[in-house]
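Here's data14.txt, which has compact mmCIF, C-alpha atoms and all ligand atoms:
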```txt
# COMPACT_ATOMS: atom_id res chain seq x y z
CA MET B 1 -14.08 23.87 -29.90
CA ASP B 2 -13.73 26.30 -32.81
CA PHE B 3 -15.25 29.79 -32.64
CA ASP B 4 -14.02 30.78 -36.14
CA PRO B 5 -17.38 30.13 -37.89
CA LEU B 6 -19.21 32.23 -35.28
CA ALA B 7 -16.80 35.15 -35.22
CA ARG B 8 -18.56 37.40 -37.75
CA HIS B 9 -21.93 36.79 -36.05
CA TYR B 10 -20.77 37.19 -32.46
CA ASP B 11 -21.40 40.94 -32.07
CA TRP B 12 -24.91 41.04 -33.47
CA MET B 13 -25.88 37.83 -31.66
CA GLU B 14 -24.77 39.35 -28.38
CA ALA B 15 -26.65 42.60 -29.10
CA VAL B 16 -29.87 40.80 -30.06
CA THR B 17 -29.89 38.22 -27.26
CA ALA B 18 -28.43 40.24 -24.38
CA GLY B 19 -28.38 43.96 -25.27
CA SER B 20 -25.84 45.68 -23.01
CA LEU B 21 -26.03 43.07 -20.24
CA LEU B 22 -22.80 41.16 -20.93
CA GLN B 23 -20.78 44.32 -21.49
CA ARG B 24 -22.02 45.84 -18.24
CA ALA B 25 -20.78 42.70 -16.47
CA ARG B 26 -17.41 42.77 -18.30
CA ALA B 27 -16.91 46.39 -17.26
CA ALA B 28 -18.26 46.07 -13.70
CA TRP B 29 -14.90 45.94 -11.92
CA LEU B 30 -12.77 48.11 -14.23
CA PRO B 31 -12.46 50.93 -11.63
CA ALA B 32 -11.17 48.40 -9.07
CA LEU B 33 -8.26 47.45 -11.37
CA SER B 34 -6.53 50.81 -11.28
CA GLY B 35 -2.78 50.57 -10.77
CA CYS B 36 -2.47 47.16 -12.42
CA ARG B 37 0.48 46.77 -14.78
CA ARG B 38 0.41 43.39 -16.49
CA VAL B 39 -2.95 41.86 -17.35
CA LEU B 40 -3.81 38.60 -19.11
CA SER B 41 -7.22 38.08 -20.73
CA ALA B 42 -7.83 34.45 -21.66
CA GLY B 43 -10.45 33.64 -24.29
CA GLU B 44 -10.68 37.37 -25.04
CA GLY B 45 -12.80 36.71 -28.14
CA HIS B 46 -14.19 39.75 -29.98
CA GLY B 47 -12.28 42.31 -27.88
CA ARG B 48 -15.04 44.11 -26.02
CA PHE B 49 -13.33 43.65 -22.66
CA ALA B 50 -9.96 44.66 -24.14
CA GLN B 51 -11.33 47.88 -25.62
CA ALA B 52 -13.14 48.94 -22.42
CA PHE B 53 -10.15 47.98 -20.27
CA LEU B 54 -7.56 49.90 -22.30
CA GLU B 55 -9.76 52.97 -22.67
CA ARG B 56 -9.89 53.09 -18.86
CA HIS B 57 -6.32 51.91 -18.13
CA PRO B 58 -4.22 53.02 -21.14
CA HIS B 59 -0.89 52.44 -19.35
CA ALA B 60 -1.47 48.79 -18.50
CA GLU B 61 0.11 46.05 -20.63
CA LEU B 62 -2.69 43.79 -21.78
CA THR B 63 -2.02 40.34 -23.28
CA CYS B 64 -4.98 38.62 -24.93
CA VAL B 65 -4.94 34.93 -25.79
CA ASP B 66 -7.58 33.23 -27.90
CA ALA B 67 -7.76 29.94 -29.76
CA SER B 68 -9.78 31.44 -32.63
CA GLY B 69 -7.90 33.41 -35.28
CA ARG B 70 -11.10 35.03 -36.54
CA MET B 71 -12.20 36.15 -33.08
CA LEU B 72 -8.73 37.63 -32.57
CA GLU B 73 -8.99 39.42 -35.90
CA ARG B 74 -12.21 41.10 -34.77
CA ALA B 75 -10.62 42.04 -31.46
CA ARG B 76 -7.60 43.49 -33.29
CA ARG B 77 -9.85 45.66 -35.46
CA ARG B 78 -11.83 46.80 -32.43
CA THR B 79 -8.71 47.99 -30.58
CA ARG B 80 -6.46 49.24 -33.39
CA HIS B 81 -7.33 52.91 -32.67
CA LEU B 82 -5.88 52.66 -29.17
CA PRO B 83 -2.43 54.18 -28.48
CA ALA B 84 -1.16 50.95 -26.88
CA PRO B 85 -3.16 48.00 -28.21
CA PRO B 86 -2.91 44.55 -26.60
CA ARG B 87 -0.32 41.89 -27.33
CA TRP B 88 -2.17 39.13 -29.17
CA VAL B 89 -1.51 35.42 -28.73
CA HIS B 90 -3.24 32.97 -31.03
CA ALA B 91 -3.16 29.78 -28.94
CA ALA B 92 -5.20 27.49 -26.71
CA VAL B 93 -4.78 27.38 -22.95
CA PRO B 94 -3.49 25.17 -21.31
CA ALA B 95 -1.45 23.81 -24.27
CA TRP B 96 -0.13 27.38 -24.36
CA ARG B 97 1.04 28.24 -20.85
CA PRO B 98 1.52 31.90 -19.98
CA GLU B 99 4.78 33.00 -18.33
CA PRO B 100 4.78 32.02 -14.65
CA ALA B 101 4.05 34.53 -11.85
CA VAL B 102 3.98 37.74 -13.94
CA TYR B 103 0.38 38.95 -14.21
CA ASP B 104 -1.27 41.29 -11.64
CA VAL B 105 -4.69 40.55 -13.09
CA ILE B 106 -6.15 37.52 -14.87
CA VAL B 107 -9.38 38.11 -16.80
CA THR B 108 -11.77 35.44 -18.01
CA CYS B 109 -15.02 36.73 -19.54
CA PHE B 110 -17.48 34.04 -20.59
CA PHE B 111 -14.52 31.68 -20.99
CA LEU B 112 -14.42 29.32 -17.98
CA ASP B 113 -18.03 28.31 -18.64
CA CYS B 114 -16.90 26.68 -21.92
CA PHE B 115 -15.11 23.79 -20.16
CA PRO B 116 -16.18 20.53 -18.50
CA PRO B 117 -14.69 19.85 -15.01
CA ALA B 118 -11.35 18.13 -15.81
CA HIS B 119 -10.51 20.52 -18.64
CA LEU B 120 -11.56 23.49 -16.48
CA ALA B 121 -9.18 22.37 -13.73
CA SER B 122 -6.21 22.35 -16.13
CA VAL B 123 -7.14 25.75 -17.61
CA VAL B 124 -7.47 27.32 -14.13
CA GLU B 125 -4.18 25.71 -13.05
CA ALA B 126 -2.28 27.16 -16.04
CA LEU B 127 -3.73 30.64 -15.56
CA ALA B 128 -3.25 30.61 -11.77
CA ALA B 129 0.42 29.75 -12.29
CA SER B 130 0.83 32.94 -14.32
CA ALA B 131 -0.54 35.11 -11.49
CA THR B 132 1.65 36.72 -8.85
CA ASP B 133 1.00 36.11 -5.17
CA ARG B 134 -0.97 39.40 -4.99
CA SER B 135 -2.97 39.08 -8.20
CA ALA B 136 -6.64 39.68 -8.86
CA TRP B 137 -8.77 37.45 -11.09
CA LEU B 138 -11.84 38.88 -12.78
CA VAL B 139 -14.31 36.11 -13.59
CA VAL B 140 -17.34 37.17 -15.64
CA ASP B 141 -19.63 34.29 -16.47
CA PHE B 142 -23.06 32.81 -16.54
CA ALA B 143 -24.16 31.45 -13.17
CA LEU B 144 -26.85 29.35 -11.54
CA PRO B 145 -28.69 31.19 -8.73
CA ALA B 146 -29.17 29.21 -5.51
CA ARG B 147 -32.93 28.80 -5.52
CA GLY B 148 -36.40 29.79 -6.69
CA LEU B 149 -37.70 31.10 -9.97
CA ALA B 150 -34.34 32.70 -10.79
CA ARG B 151 -32.72 29.23 -10.67
CA TRP B 152 -35.37 27.69 -12.95
CA ARG B 153 -35.10 30.60 -15.35
CA ALA B 154 -31.31 30.34 -15.48
CA ARG B 155 -31.51 26.56 -15.99
CA ALA B 156 -33.80 27.03 -19.00
CA ILE B 157 -31.54 29.72 -20.49
CA HIS B 158 -28.38 27.63 -19.89
CA SER B 159 -29.86 24.59 -21.56
CA GLY B 160 -30.73 26.57 -24.71
CA MET B 161 -27.32 28.25 -24.69
CA TYR B 162 -25.29 25.08 -24.24
CA ALA B 163 -27.33 23.26 -26.91
CA PHE B 164 -26.65 26.13 -29.33
CA PHE B 165 -22.90 26.42 -28.64
CA ARG B 166 -22.38 22.64 -28.69
CA ALA B 167 -23.96 22.54 -32.17
CA ALA B 168 -22.33 25.75 -33.45
CA VAL B 169 -18.74 25.52 -32.15
CA ASP B 170 -18.48 22.02 -30.68
CA LEU B 171 -18.33 23.39 -27.13
CA PRO B 172 -16.93 20.64 -24.86
CA ALA B 173 -19.09 21.56 -21.83
CA ALA B 174 -22.73 20.44 -21.64
CA VAL B 175 -23.50 22.22 -18.37
CA LEU B 176 -22.02 25.02 -16.30
CA THR B 177 -19.22 24.07 -13.86
CA PRO B 178 -18.68 26.80 -11.24
CA PRO B 179 -14.95 27.62 -11.00
CA ASP B 180 -15.14 28.87 -7.38
CA ALA B 181 -13.65 25.81 -5.64
CA LEU B 182 -10.75 25.73 -8.13
CA LEU B 183 -10.00 29.41 -7.60
CA ARG B 184 -10.00 28.90 -3.82
CA ALA B 185 -7.69 25.90 -4.22
CA HIS B 186 -5.23 28.18 -6.05
CA GLY B 187 -5.23 30.73 -3.23
CA PHE B 188 -7.87 33.22 -4.43
CA ARG B 189 -10.70 34.51 -2.23
CA LEU B 190 -13.85 36.24 -3.42
CA ASP B 191 -13.51 40.00 -2.86
CA GLY B 192 -16.64 41.24 -4.63
CA ARG B 193 -19.59 39.92 -6.60
CA ARG B 194 -22.02 41.77 -8.87
CA GLU B 195 -25.05 39.97 -10.24
CA TYR B 196 -27.13 40.77 -13.30
CA SER B 197 -30.43 39.62 -14.70
CA TRP B 198 -31.68 37.79 -11.58
CA GLY B 199 -28.28 36.20 -10.99
CA LEU B 200 -27.98 34.79 -14.52
CA VAL B 201 -24.66 36.60 -15.02
CA ARG B 202 -21.99 37.31 -12.43
CA ALA B 203 -18.94 39.53 -12.35
CA ASP B 204 -16.68 38.24 -9.57
CA LEU B 205 -13.48 39.85 -8.39
CA TRP B 206 -11.15 37.35 -6.71
CA ARG B 207 -7.89 38.26 -5.00
CA ARG B 208 -4.89 36.37 -3.68
C1 LIG C 1 -17.80 32.26 -25.30
S1 LIG C 1 -16.45 33.03 -26.08
C2 LIG C 1 -16.18 34.43 -25.02
C3 LIG C 1 -15.57 35.57 -25.76
C4 LIG C 1 -15.39 36.87 -24.94
N1 LIG C 1 -14.40 36.71 -23.89
C5 LIG C 1 -16.67 37.42 -24.37
O1 LIG C 1 -16.59 38.07 -23.33
O2 LIG C 1 -17.73 37.25 -24.98
C6 LIG C 1 -15.10 32.00 -25.65
C7 LIG C 1 -13.80 32.41 -26.33
O3 LIG C 1 -12.77 31.57 -25.82
C8 LIG C 1 -11.95 31.13 -26.89
N2 LIG C 1 -11.36 29.83 -26.50
C9 LIG C 1 -11.97 28.64 -26.42
N3 LIG C 1 -11.12 27.71 -25.94
C10 LIG C 1 -9.95 28.34 -25.72
C11 LIG C 1 -8.71 27.95 -25.18
N4 LIG C 1 -8.49 26.68 -24.79
N5 LIG C 1 -7.72 28.88 -25.06
C12 LIG C 1 -7.94 30.17 -25.46
N6 LIG C 1 -9.10 30.59 -25.97
C13 LIG C 1 -10.09 29.70 -26.10
C14 LIG C 1 -12.89 31.03 -28.08
O4 LIG C 1 -12.19 31.07 -29.31
C15 LIG C 1 -13.80 32.24 -27.84
O5 LIG C 1 -13.27 33.40 -28.44
```
For this file, produce the structure as structure tokens.
Ligand SMILES: C[S@@+](CC[C@H](N)C(=O)[O-])C[C@H]1O[C@@H](n2cnc3c(N)ncnc32)[C@H](O)[C@@H]1O
Amino acid sequence: MDFDPLARHYDWMEAVTAGSLLQRARAAWLPALSGCRRVLSAGEGHGRFAQAFLERHPHAELTCVDASGRMLERARRRTRHLPAPPRWVHAAVPAWRPEPAVYDVIVTCFFLDCFPPAHLASVVEALAASATDRSAWLVVDFALPARGLARWRARAIHSGMYAFFRAAVDLPAAVLTPPDALLRAHGFRLDGRREYSWGLVRADLWRR
């Protein structure tokens, strides 16, 4: 998977296809993260979470890892005005493993939905190992509602989205794999869930 070719189009594509929806989901739990010190955002991408997070929590130490140099470059530009910008890591999880048991908060925005089951398990394992035993994990992702029209609608949107990203960036996943069982297996429990656009997008706050 290589997001470099998409990096310069990512902002306008998000604005045109989703308006403010994805950013509202990214920012949903920011007030609940007050007091956190060390935060890791994996697959940070274009930096919209990082900017909103550091504007709200300027004293936190934010580390952002991303496999795409061009996405990181956009994120760097977006956050360079901040007094304490993030620490940037250009690397792919889980080949790059964060330091063990140091982060109070793990953040994954529209990242876990990129992976097929086996790969997802190793990504979640590497990130979970970097969390302390009292950490939170903010998971913002596309989701499949349980039933009804909302489920059919989400299915149709997912299939268009996955077809696009598989062609554009060689995304390894063909369908969405919910990460919930993996998070539970690593000791996290769901503390809060916000849903957007008929359950198409979720912002979940998990805690250990
Ligand atoms: C769908 S984009 C999401 C970007 C952003 N977090 C957002 O909220 O829109 C996925 C991001 O994950 C990055 N990525 C993909 N695989 C990765 C990996 N194994 N380790 C770190 N970053 C990765 C991509 O380069 C891309 O920036």
Determine, counting all atoms listed in the file, which protein, DNA and RNA residues have an atom within 8 Å of an atom of segment 42-47 of chain B; residues of the same chain fewer than 5 positions away are not included. Present the result as a PyMOL selection string. chain B and resi 7+10-11+64-68+71-76+78-79+93+106-111
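Distance annotation: of B:Tyr196, B:Tyr103, B:Phe165, B:Phe142, the residue with the minimal separation from Pro179 of chain B is B:Phe142; atom set is all atoms listed in the file.
By all atoms listed in the file, and with residues fewer than 4 positions from Arg208 of chain B along its chain excluded, the set lying at most 12 Å from it is Asp104, Val105, Ile106, Ala128, Ala131, Thr132, Asp133, Arg134, Ser135, Ala136, Trp137, Leu138, Leu183, Arg184, Ala185, His186, Gly187, Phe188, Arg189, Leu190 and Asp191 of chain B.
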Env of Thr17 of chain B: 12 Å cut, atoms = only C-alpha atoms, seq-sep filter 5 positions within chain, self excluded. Answer as a ChimeraX atom specification. /B:9-12,22,157,160-161
d(atom N6 of ligand LIG 1 (chain C), atom CA of Ser122 of chain B) in Å: 13.2 Å
Excluding Arg202 of chain B and any residue of its chain fewer than 4 positions from it, enumerate the residues within 6 Å of it, using all atoms listed in the file, and give them as a list in words. Val140, Asp141, Arg194 and Glu195 of chain B
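Comparing the minimum interatomic distances between Leu120 of chain B and each of B:Ala84, B:Val102, B:Ala173, B:Val89, counting only C-alpha atoms, we find that B:Ala173 sits nearest.
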Between B:His158, B:Arg147, B:His90, B:Arg207, which has the minimum distance to ligand LIG 1 (chain C) (counting only C-alpha atoms and all ligand atoms)? B:His90
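Among the candidates B:Ala95, B:Ala118, B:Leu30, B:Ala101, the residue lying nearest to ligand LIG 1 (chain C) is B:Ala95 (atoms considered: only C-alpha atoms and all ligand atoms).
Rounded to one decimal, atom CA of Pro100 of chain B and atom CA of Ala203 of chain B lie 25.0 Å from each other.
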Within 10 Å of Arg97 of chain B using all atoms listed in the file, minus same-chain residues under 4 positions, as a ChimeraX atom specification: /B:91-93,123,125-127,129-130
Box for ligand LIG 1 (chain C) - axis-aligned, 8 Å on each of the six sides, all listed atoms - centre and size in Å to one decimal, as lines of an AutoDock Vina configuration file.
```
center_x = -12.8
center_y = 32.4
center_z = -26.3
size_x = 26.1
size_y = 27.4
size_z = 22.0
```
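When all atoms listed in the file are used to compute distances to ligand LIG 1 (chain C), the closest of the residues B:Gly19, B:Pro58, B:Pro94, B:Pro83 turns out to be B:Pro94.
Atom CA of Thr63 of chain B lies 13.1 Å from atom CA of Trp96 of chain B.
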